[in-house]
>>> print(open('data-v3.cif').read())   # mmCIF, C-alpha atoms
data_entry
#
loop_
_atom_site.label_atom_id
_atom_site.label_comp_id
_atom_site.auth_asym_id
_atom_site.auth_seq_id
_atom_site.Cartn_x
_atom_site.Cartn_y
_atom_site.Cartn_z
CA MET A 1 -0.93 -18.71 24.28
CA ASN A 2 -2.79 -19.30 21.04
CA ALA A 3 -1.75 -18.79 17.43
CA ALA A 4 -2.87 -15.17 17.31
CA PHE A 5 -0.44 -14.19 20.06
CA PHE A 6 2.36 -16.20 18.49
CA TYR A 7 2.01 -14.27 15.23
CA ALA A 8 1.68 -11.00 17.11
CA LEU A 9 4.94 -11.70 18.93
CA VAL A 10 6.62 -12.52 15.61
CA GLY A 11 5.40 -9.12 14.44
CA VAL A 12 6.95 -7.47 17.49
CA GLY A 13 10.20 -9.30 16.70
CA LEU A 14 10.12 -8.04 13.10
CA PHE A 15 9.50 -4.50 14.30
CA CYS A 16 12.48 -4.57 16.65
CA THR A 17 14.74 -6.21 14.03
CA GLY A 18 13.81 -3.48 11.61
CA LEU A 19 14.46 -0.80 14.22
CA TYR A 20 17.90 -2.26 14.89
CA ALA A 21 18.77 -2.20 11.18
CA LEU A 22 17.37 1.33 10.85
CA ILE A 23 19.71 2.58 13.58
CA VAL A 24 22.84 0.60 12.75
CA TYR A 25 23.24 0.83 8.97
CA ALA A 26 24.26 4.04 7.27
CA HIS A 27 23.21 3.12 3.74
CA LEU A 28 19.88 4.67 2.86
CA LEU A 29 18.61 1.67 0.91
CA ARG A 30 19.07 -0.46 4.02
CA LYS A 31 17.25 2.14 6.08
CA ILE A 32 14.32 2.10 3.65
CA LEU A 33 14.25 -1.71 3.77
CA ALA A 34 14.40 -1.56 7.56
CA LEU A 35 11.41 0.79 7.63
CA ASN A 36 9.52 -1.64 5.42
CA ILE A 37 10.31 -4.53 7.75
CA MET A 38 9.14 -2.46 10.72
CA GLY A 39 5.92 -1.75 8.85
CA SER A 40 5.43 -5.43 8.04
CA GLY A 41 5.84 -6.22 11.74
CA ILE A 42 3.13 -3.73 12.63
CA PHE A 43 0.81 -5.17 9.97
CA LEU A 44 1.43 -8.66 11.31
CA VAL A 45 0.54 -7.54 14.85
CA LEU A 46 -2.68 -5.91 13.60
CA VAL A 47 -3.74 -8.90 11.49
CA ALA A 48 -2.90 -11.38 14.24
CA LEU A 49 -4.74 -9.48 16.96
CA ALA A 50 -7.80 -9.15 14.69
CA LYS A 51 -8.16 -12.95 14.82
CA ARG A 52 -8.87 -13.16 18.55
CA THR A 53 -12.56 -13.72 17.90
CA GLY A 54 -12.66 -17.40 18.73
CA GLY A 55 -14.25 -19.35 15.90
CA MET A 56 -15.87 -16.34 14.24
CA ALA A 57 -14.62 -14.31 11.30
CA ALA A 58 -11.78 -11.91 12.05
CA ASP A 59 -12.44 -8.29 13.03
CA PRO A 60 -12.61 -6.59 9.61
CA VAL A 61 -11.60 -3.10 10.77
CA PRO A 62 -7.89 -3.86 11.46
CA LEU A 63 -7.75 -5.86 8.23
CA ALA A 64 -9.03 -2.87 6.27
CA MET A 65 -6.51 -0.66 8.08
CA VAL A 66 -3.70 -3.02 7.05
CA ILE A 67 -4.78 -2.93 3.39
CA THR A 68 -4.78 0.86 3.55
CA GLY A 69 -1.40 0.75 5.29
CA ILE A 70 0.18 -1.50 2.68
CA VAL A 71 -0.74 0.86 -0.15
CA VAL A 72 0.56 3.85 1.79
CA THR A 73 3.78 1.95 2.55
CA VAL A 74 4.32 1.16 -1.11
CA SER A 75 3.85 4.75 -2.18
CA ALA A 76 6.02 6.07 0.66
CA THR A 77 8.74 3.57 -0.26
CA ALA A 78 8.63 4.67 -3.89
CA LEU A 79 8.98 8.31 -2.81
CA ALA A 80 11.85 7.43 -0.46
CA LEU A 81 13.65 5.51 -3.20
CA THR A 82 13.25 8.43 -5.60
CA LEU A 83 14.66 10.76 -2.96
CA MET A 84 17.57 8.38 -2.44
CA LEU A 85 18.30 8.20 -6.17
CA ARG A 86 18.16 11.97 -6.37
CA LEU A 87 20.62 12.23 -3.49
CA ALA A 88 22.89 9.67 -5.14
CA ALA A 89 22.74 11.58 -8.41
CA LYS A 90 23.62 14.86 -6.65
CA THR A 91 26.33 13.71 -4.28
CA GLY A 92 27.45 10.40 -5.77
CA ARG A 93 26.66 8.45 -2.62
CA ALA A 94 23.54 7.07 -1.02
CA GLU A 95 24.79 6.89 2.56
CA LEU A 96 24.57 9.11 5.55
CA PRO A 97 28.02 10.33 6.59
CA GLU A 98 29.62 8.14 9.24
CA GLU A 99 30.08 9.79 12.58
CA ARG A 100 33.74 10.42 13.21
CA ARG A 101 35.18 10.00 16.68
CA GLU A 102 38.87 10.09 17.16
CA MET B 1 30.94 2.25 17.39
CA ASP B 2 31.13 -1.15 19.07
CA LYS B 3 30.35 0.42 22.39
CA ASN B 4 27.24 2.04 20.91
CA ARG B 5 26.13 -1.26 19.45
CA CYS B 6 26.58 -2.98 22.79
CA LEU B 7 24.32 -0.39 24.34
CA LEU B 8 21.80 -0.60 21.52
CA LEU B 9 21.11 -4.33 21.76
CA PRO B 10 19.99 -4.35 25.42
CA LEU B 11 17.89 -1.24 24.82
CA LEU B 12 16.12 -2.89 21.87
CA LEU B 13 15.68 -6.06 23.91
CA VAL B 14 13.98 -4.05 26.63
CA LEU B 15 11.76 -2.44 24.01
CA ALA B 16 10.89 -5.83 22.49
CA MET B 17 10.06 -7.24 25.90
CA GLY B 18 7.96 -4.18 26.72
CA ILE B 19 5.91 -4.37 23.52
CA GLY B 20 5.73 -8.17 23.81
CA TYR B 21 4.39 -7.85 27.33
CA ALA B 22 1.84 -5.28 26.16
CA VAL B 23 0.70 -7.65 23.40
CA LEU B 24 0.48 -10.64 25.72
CA SER B 25 -1.46 -8.73 28.35
CA LEU B 26 -4.30 -8.16 25.88
CA PRO B 27 -7.39 -10.29 26.54
CA ASP B 28 -7.41 -13.73 24.92
CA HIS B 29 -10.76 -13.20 23.33
CA ALA B 30 -11.84 -9.89 21.86
CA ASP B 31 -14.46 -9.31 19.21
CA GLY B 32 -13.32 -5.78 18.52
CA LEU B 33 -15.68 -4.19 16.04
CA GLN B 34 -16.57 -7.47 14.37
CA LYS B 35 -20.10 -7.57 15.80
CA VAL B 36 -20.73 -3.89 15.14
CA VAL B 37 -19.81 -4.45 11.49
CA ALA B 38 -21.82 -7.69 11.26
CA VAL B 39 -25.00 -5.92 12.43
CA LYS B 40 -24.64 -3.23 9.77
CA MET B 41 -23.64 -5.55 6.92
CA GLU B 42 -27.07 -5.58 5.29
CA VAL B 43 -27.02 -1.82 4.61
CA SER B 44 -23.46 -1.87 3.27
CA GLY B 45 -24.32 -3.17 -0.20
CA VAL B 46 -21.65 -5.91 -0.18
CA SER B 47 -21.25 -9.16 1.73
CA ASN B 48 -17.50 -9.10 2.38
CA PRO B 49 -16.95 -7.28 5.69
CA VAL B 50 -13.48 -6.00 4.77
CA THR B 51 -14.78 -4.40 1.58
CA ALA B 52 -17.71 -2.97 3.51
CA VAL B 53 -15.33 -1.34 5.99
CA LEU B 54 -12.97 -0.07 3.28
CA LEU B 55 -15.48 1.36 0.86
CA ASN B 56 -18.51 2.10 3.00
CA PHE B 57 -18.09 2.40 6.77
CA ARG B 58 -14.64 3.94 6.57
CA GLY B 59 -14.73 5.20 3.00
CA TYR B 60 -13.04 8.35 4.22
CA ASP B 61 -9.81 6.38 4.82
CA THR B 62 -9.82 5.08 1.29
CA LEU B 63 -10.56 8.52 -0.12
CA LEU B 64 -7.53 9.96 1.67
CA GLU B 65 -5.47 6.96 0.68
CA MET B 66 -6.07 7.67 -3.00
CA ALA B 67 -4.87 11.19 -2.27
CA VAL B 68 -1.71 9.80 -0.62
CA LEU B 69 -0.98 7.68 -3.70
CA LEU B 70 -1.40 10.68 -5.96
CA LEU B 71 0.78 12.86 -3.72
CA ALA B 72 3.55 10.25 -3.67
CA LEU B 73 3.51 10.10 -7.45
CA LEU B 74 3.58 13.90 -7.68
CA GLY B 75 6.56 13.86 -5.33
CA CYS B 76 8.34 11.32 -7.52
CA TRP B 77 7.64 13.29 -10.65
CA SER B 78 8.84 16.55 -9.18
CA LEU B 79 12.13 14.84 -8.32
CA ALA B 80 12.63 13.90 -11.97
CA GLY B 81 16.19 13.73 -13.16
CA SER B 82 17.06 10.69 -11.10
CA SER B 83 19.57 8.23 -12.46
CA LEU B 84 16.95 5.49 -12.67
CA GLN B 85 17.16 4.01 -16.13
CA VAL B 86 15.24 0.92 -17.02
CA GLY B 87 17.11 -0.66 -19.90
CA PRO B 88 15.34 -0.60 -23.27
CA ALA B 89 14.21 -3.87 -24.79
CA SER B 90 15.26 -6.88 -22.75
CA GLY B 91 15.86 -10.43 -23.93
CA PRO B 92 13.27 -12.54 -25.75
CA VAL B 93 12.46 -14.53 -22.60
CA LEU B 94 11.15 -11.56 -20.64
CA ASP B 95 9.49 -10.21 -23.75
CA THR B 96 7.52 -13.41 -24.39
CA PHE B 97 6.83 -13.85 -20.69
CA ALA B 98 5.37 -10.35 -20.42
CA ARG B 99 3.23 -10.90 -23.51
CA LEU B 100 1.88 -14.17 -22.12
CA LEU B 101 1.34 -13.00 -18.59
CA SER B 102 -0.16 -9.55 -19.10
CA PRO B 103 -3.59 -10.65 -20.37
CA LEU B 104 -3.76 -13.18 -17.54
CA LEU B 105 -2.89 -10.52 -14.98
CA ILE B 106 -5.54 -8.18 -16.35
CA LEU B 107 -8.10 -11.00 -16.22
CA MET B 108 -7.06 -11.79 -12.67
CA ALA B 109 -7.38 -8.14 -11.68
CA ALA B 110 -10.93 -8.09 -13.06
CA TYR B 111 -11.76 -11.26 -11.13
CA LEU B 112 -10.32 -9.90 -7.89
CA LEU B 113 -12.25 -6.68 -8.37
CA TRP B 114 -15.51 -8.51 -8.95
CA SER B 115 -15.07 -11.04 -6.14
CA GLY B 116 -14.28 -8.24 -3.67
CA SER B 117 -17.97 -7.77 -2.95
CA HIS B 118 -18.42 -11.24 -1.44
CA ALA B 119 -14.96 -12.76 -0.86
CA PRO B 120 -11.44 -11.56 -0.07
CA GLY B 121 -10.38 -9.27 -2.87
CA GLY B 122 -11.25 -5.76 -3.94
CA ALA B 123 -9.87 -2.60 -5.42
CA PHE B 124 -6.43 -2.66 -3.80
CA GLN B 125 -5.61 -6.26 -4.58
CA ALA B 126 -6.87 -5.84 -8.14
CA GLY B 127 -4.96 -2.57 -8.47
CA ALA B 128 -1.77 -4.23 -7.25
CA VAL B 129 -2.13 -7.01 -9.85
CA LEU B 130 -2.81 -4.44 -12.55
CA GLY B 131 0.23 -2.47 -11.39
CA ALA B 132 2.32 -5.66 -11.62
CA ALA B 133 1.17 -6.12 -15.21
CA GLY B 134 2.22 -2.54 -15.94
CA VAL B 135 5.62 -3.04 -14.28
CA LEU B 136 6.17 -6.22 -16.28
CA GLN B 137 5.40 -4.39 -19.50
CA LEU B 138 7.69 -1.51 -18.53
CA LEU B 139 10.50 -3.98 -17.78
CA ALA B 140 9.99 -5.52 -21.20
CA GLY B 141 10.61 -2.13 -22.76
CA TRP B 142 7.07 -1.00 -23.45
CA ARG B 143 6.43 2.74 -23.23
CA LEU B 144 3.33 4.82 -23.65
CA ARG B 145 3.28 7.01 -26.69
CA PRO B 146 3.81 10.67 -25.74
CA CYS B 147 0.37 11.67 -27.00
CA LEU B 148 -1.14 9.26 -24.47
CA THR B 149 1.00 10.36 -21.53
CA GLN B 150 -0.11 13.95 -21.82
CA ILE B 151 -3.81 13.62 -21.11
CA LEU B 152 -4.89 10.00 -20.83
CA LEU B 153 -2.28 8.95 -18.29
CA ARG B 154 -3.05 11.91 -16.08
CA LEU B 155 -6.78 11.28 -16.38
CA ALA B 156 -6.29 7.65 -15.33
CA LEU B 157 -4.16 8.77 -12.39
CA ILE B 158 -6.68 11.21 -10.95
CA ALA B 159 -9.79 9.21 -11.88
CA GLY B 160 -9.90 7.31 -8.59
CA LEU B 161 -9.63 10.35 -6.37
CA ALA B 162 -11.97 12.34 -8.62
CA ALA B 163 -14.64 9.62 -8.53
CA PHE B 164 -14.35 9.39 -4.75
CA ILE B 165 -14.68 13.13 -4.26
CA THR B 166 -17.56 13.36 -6.75
CA ILE B 167 -19.53 10.58 -5.04
CA ALA B 168 -18.67 11.96 -1.60
CA LEU B 169 -20.03 15.39 -2.54
CA LEU B 170 -23.05 13.89 -4.28
CA MET B 171 -23.86 11.93 -1.13
CA LEU B 172 -23.34 15.05 0.95
CA PHE B 173 -26.13 16.77 -0.97
CA LEU B 174 -28.42 13.76 -1.38
CA GLU B 175 -28.00 11.97 1.96
CA GLY B 176 -26.70 14.71 4.19
CA ARG B 177 -23.39 13.03 5.04
CA VAL B 178 -20.12 12.59 3.18
CA LEU B 179 -19.86 9.08 1.66
CA GLN B 180 -23.11 7.90 3.23
CA TYR B 181 -24.65 5.71 0.55
CA PRO B 182 -28.36 4.90 0.38
CA PRO B 183 -28.59 1.15 1.20
CA ASP B 184 -30.34 0.29 -2.08
CA GLN B 185 -27.69 1.84 -4.30
CA ALA B 186 -24.70 1.09 -2.06
CA GLY B 187 -23.68 -2.03 -3.99
CA ILE B 188 -23.52 -0.37 -7.40
CA LEU B 189 -21.85 2.77 -6.00
CA ILE B 190 -19.15 0.66 -4.35
CA LEU B 191 -18.62 -1.27 -7.58
CA ILE B 192 -18.20 1.96 -9.57
CA LEU B 193 -15.81 3.38 -7.00
CA GLU B 194 -13.80 0.17 -6.86
CA THR B 195 -13.53 -0.12 -10.64
CA VAL B 196 -12.24 3.42 -11.07
CA ALA B 197 -9.99 3.07 -8.02
CA THR B 198 -8.52 -0.18 -9.38
CA LEU B 199 -7.57 1.52 -12.62
CA SER B 200 -6.06 4.48 -10.78
CA ILE B 201 -4.13 2.34 -8.31
CA GLY B 202 -2.75 0.12 -11.05
CA VAL B 203 -1.63 3.03 -13.21
CA THR B 204 -0.21 4.88 -10.20
CA LEU B 205 1.82 1.89 -9.03
CA ALA B 206 3.25 1.35 -12.52
CA ALA B 207 4.02 5.07 -12.79
CA LEU B 208 5.69 5.03 -9.36
CA PHE B 209 7.89 2.19 -10.60
CA LEU B 210 8.94 4.29 -13.55
CA GLY B 211 9.73 7.17 -11.19
CA GLY B 212 10.72 10.47 -12.68
CA GLN B 213 11.63 9.03 -16.03
CA GLN B 214 8.41 9.85 -17.76
CA GLU B 215 8.65 13.53 -16.98
CA GLN B 216 12.23 13.59 -18.11
CA LYS B 217 11.21 12.24 -21.47
CA ASP B 218 8.54 14.85 -21.79
CA LYS B 219 11.07 17.60 -21.38
CA GLN B 220 13.42 16.23 -23.98
#
>>> encode(input="data-v3.cif", output="structure tokens")
Amino acid sequence: MNAAFFYALVGVGLFCTGLYALIVYAHLLRKILALNIMGSGIFLVLVALAKRTGGMAADPVPLAMVITGIVVTVSATALALTLMLRLAAKTGRAELPEERRE
Amino acid sequence: MDKNRCLLLPLLLVLAMGIGYAVLSLPDHADGLQKVVAVKMEVSGVSNPVTAVLLNFRGYDTLLEMAVLLLALLGCWSLAGSSLQVGPASGPVLDTFARLLSPLLILMAAYLLWSGSHAPGGAFQAGAVLGAAGVLQLLAGWRLRPCLTQILLRLALIAGLAAFITIALLMLFLEGRVLQYPPDQAGILILILETVATLSIGVTLAALFLGGQQEQKDKQ
């Protein structure tokens, strides 16, 4: 197992950690952060797998996709945060309602 | 709740193992599209393969990406009325820091933009640095004068997408394909696109940071 696969597996770990946080926490800010961590995991997988070229330069196409993805993530995060603030301003809370089971 | 969490952890573990197995089962050595890109590098107009892919071979992605940035900002602005309030003038430390750092950040953005043609760098990195300079200034209490926000700000925001669409259409008529540059002029076309895109990305990121506040001020 070389370095590329190590980093790719770290990316998979980040993705699953983010997914866990996305499901477990009710606060929307945490959910947005969790989505960002999931995205970072995916970027790490893409960048790591692009470097499986032996000694040669990395495959530029996944790298370009990651740059595109980062910008889209930033803008999507900004929109999500604005939505969250709007929700907080309307309802006074930025959480999803807890599920009640009694 | 605890029962759900107990169920969730093994499920996620299975998922992680599944994806991990899929990743590990990929071949150890794969060139991907690296060789395809390397063969075509001489007609791309730049010598950095990532820039060539972003602005030339897959320019369509970048064109749509500028549209996504603009759409996100429009979404933020239409949600104006949020409780986001950046405090007015901050302490002297941040003020001095912002004054010192902003020219450096602008210089660095220009360098990143220029070096993008032959080394890692390019429009997005430069735009991000420019956006950081804008955010720093906004944090230090700097605001655009209203006369500037009306036209100039909006022009800067749409400039990137407009330049992309203009060049794409121009190429459609001249070369027969959208965003297919003639090899001789590819370098200069990419530089123009990147410069305008850098400005747009920087301004958009700073405006996204400000959120709906700007619009709110306009209404008042």
>>> closest_residue(input="data-v3.cif", among="B:Leu33, B:Ala72, B:Lys40, B:Leu179", to="Asp59 in chain A", atoms="only C-alpha atoms")
B:Leu33
>>> residues_around(input="data-v3.cif", residues="Leu191 in chain B", least_positions_apart="5", cutoff="9 Å", atoms="only C-alpha atoms", output="ChimeraX atom specification")
/B:113-114,117,186,196
>>> write_last_selection(input="data-v3.cif", atoms="C-alpha atoms", output="short mmCIF file (atom, residue, chain, number, x, y, z; two decimals), in the frame of the given file")
data_model
loop_
_atom_site.label_atom_id
_atom_site.label_comp_id
_atom_site.auth_asym_id
_atom_site.auth_seq_id
_atom_site.Cartn_x
_atom_site.Cartn_y
_atom_site.Cartn_z
CA LEU B 113 -12.25 -6.68 -8.37
CA TRP B 114 -15.51 -8.51 -8.95
CA SER B 117 -17.97 -7.77 -2.95
CA ALA B 186 -24.70 1.09 -2.06
CA VAL B 196 -12.24 3.42 -11.07
#
>>> residues_around(input="data-v3.cif", residues="Leu63 in chain A", least_positions_apart="4", cutoff="8 Å", atoms="all atoms listed in the file", output="list in words")
Leu46, Val47, Ala50, Asp59 and Ile67 of chain A; Val50 of chain B
>>> atom_distance(input="data-v3.cif", atom1="CA of Phe5 in chain A", atom2="CA of Lys51 in chain A")
9.4 Å
>>> resolve_selection(input="data-v3.cif", expression="the PyMOL selection byres ((chain B) within 7 of (chain A))", output="VMD selection string")
chain B and resid 12 16 19 to 20 24 28 to 34 49 to 50 53 to 54 62 65 68 to 69 72 75 to 76 79 82 to 83 208 211
>>> resolve_selection(input="data-v3.cif", expression="the PyMOL selection byres ((chain B and resi 127) around 10)", output="MDAnalysis selection string")
(chainID A and resid 71) or (chainID B and resid 106 109:110 112:113 122:126 128:133 194:206)
>>> residues_around(input="data-v3.cif", residues="Gln180 in chain B", least_positions_apart="3", cutoff="12 Å", atoms="only C-alpha atoms", output="VMD selection string")
chain B and resid 43 to 45 55 to 60 164 167 to 177 183 to 186 189 to 190
>>> resolve_selection(input="data-v3.cif", expression="the PyMOL selection byres ((chain B and resi 48) around 8)", output="ChimeraX atom specification")
/B:46-47,49-52,116-120
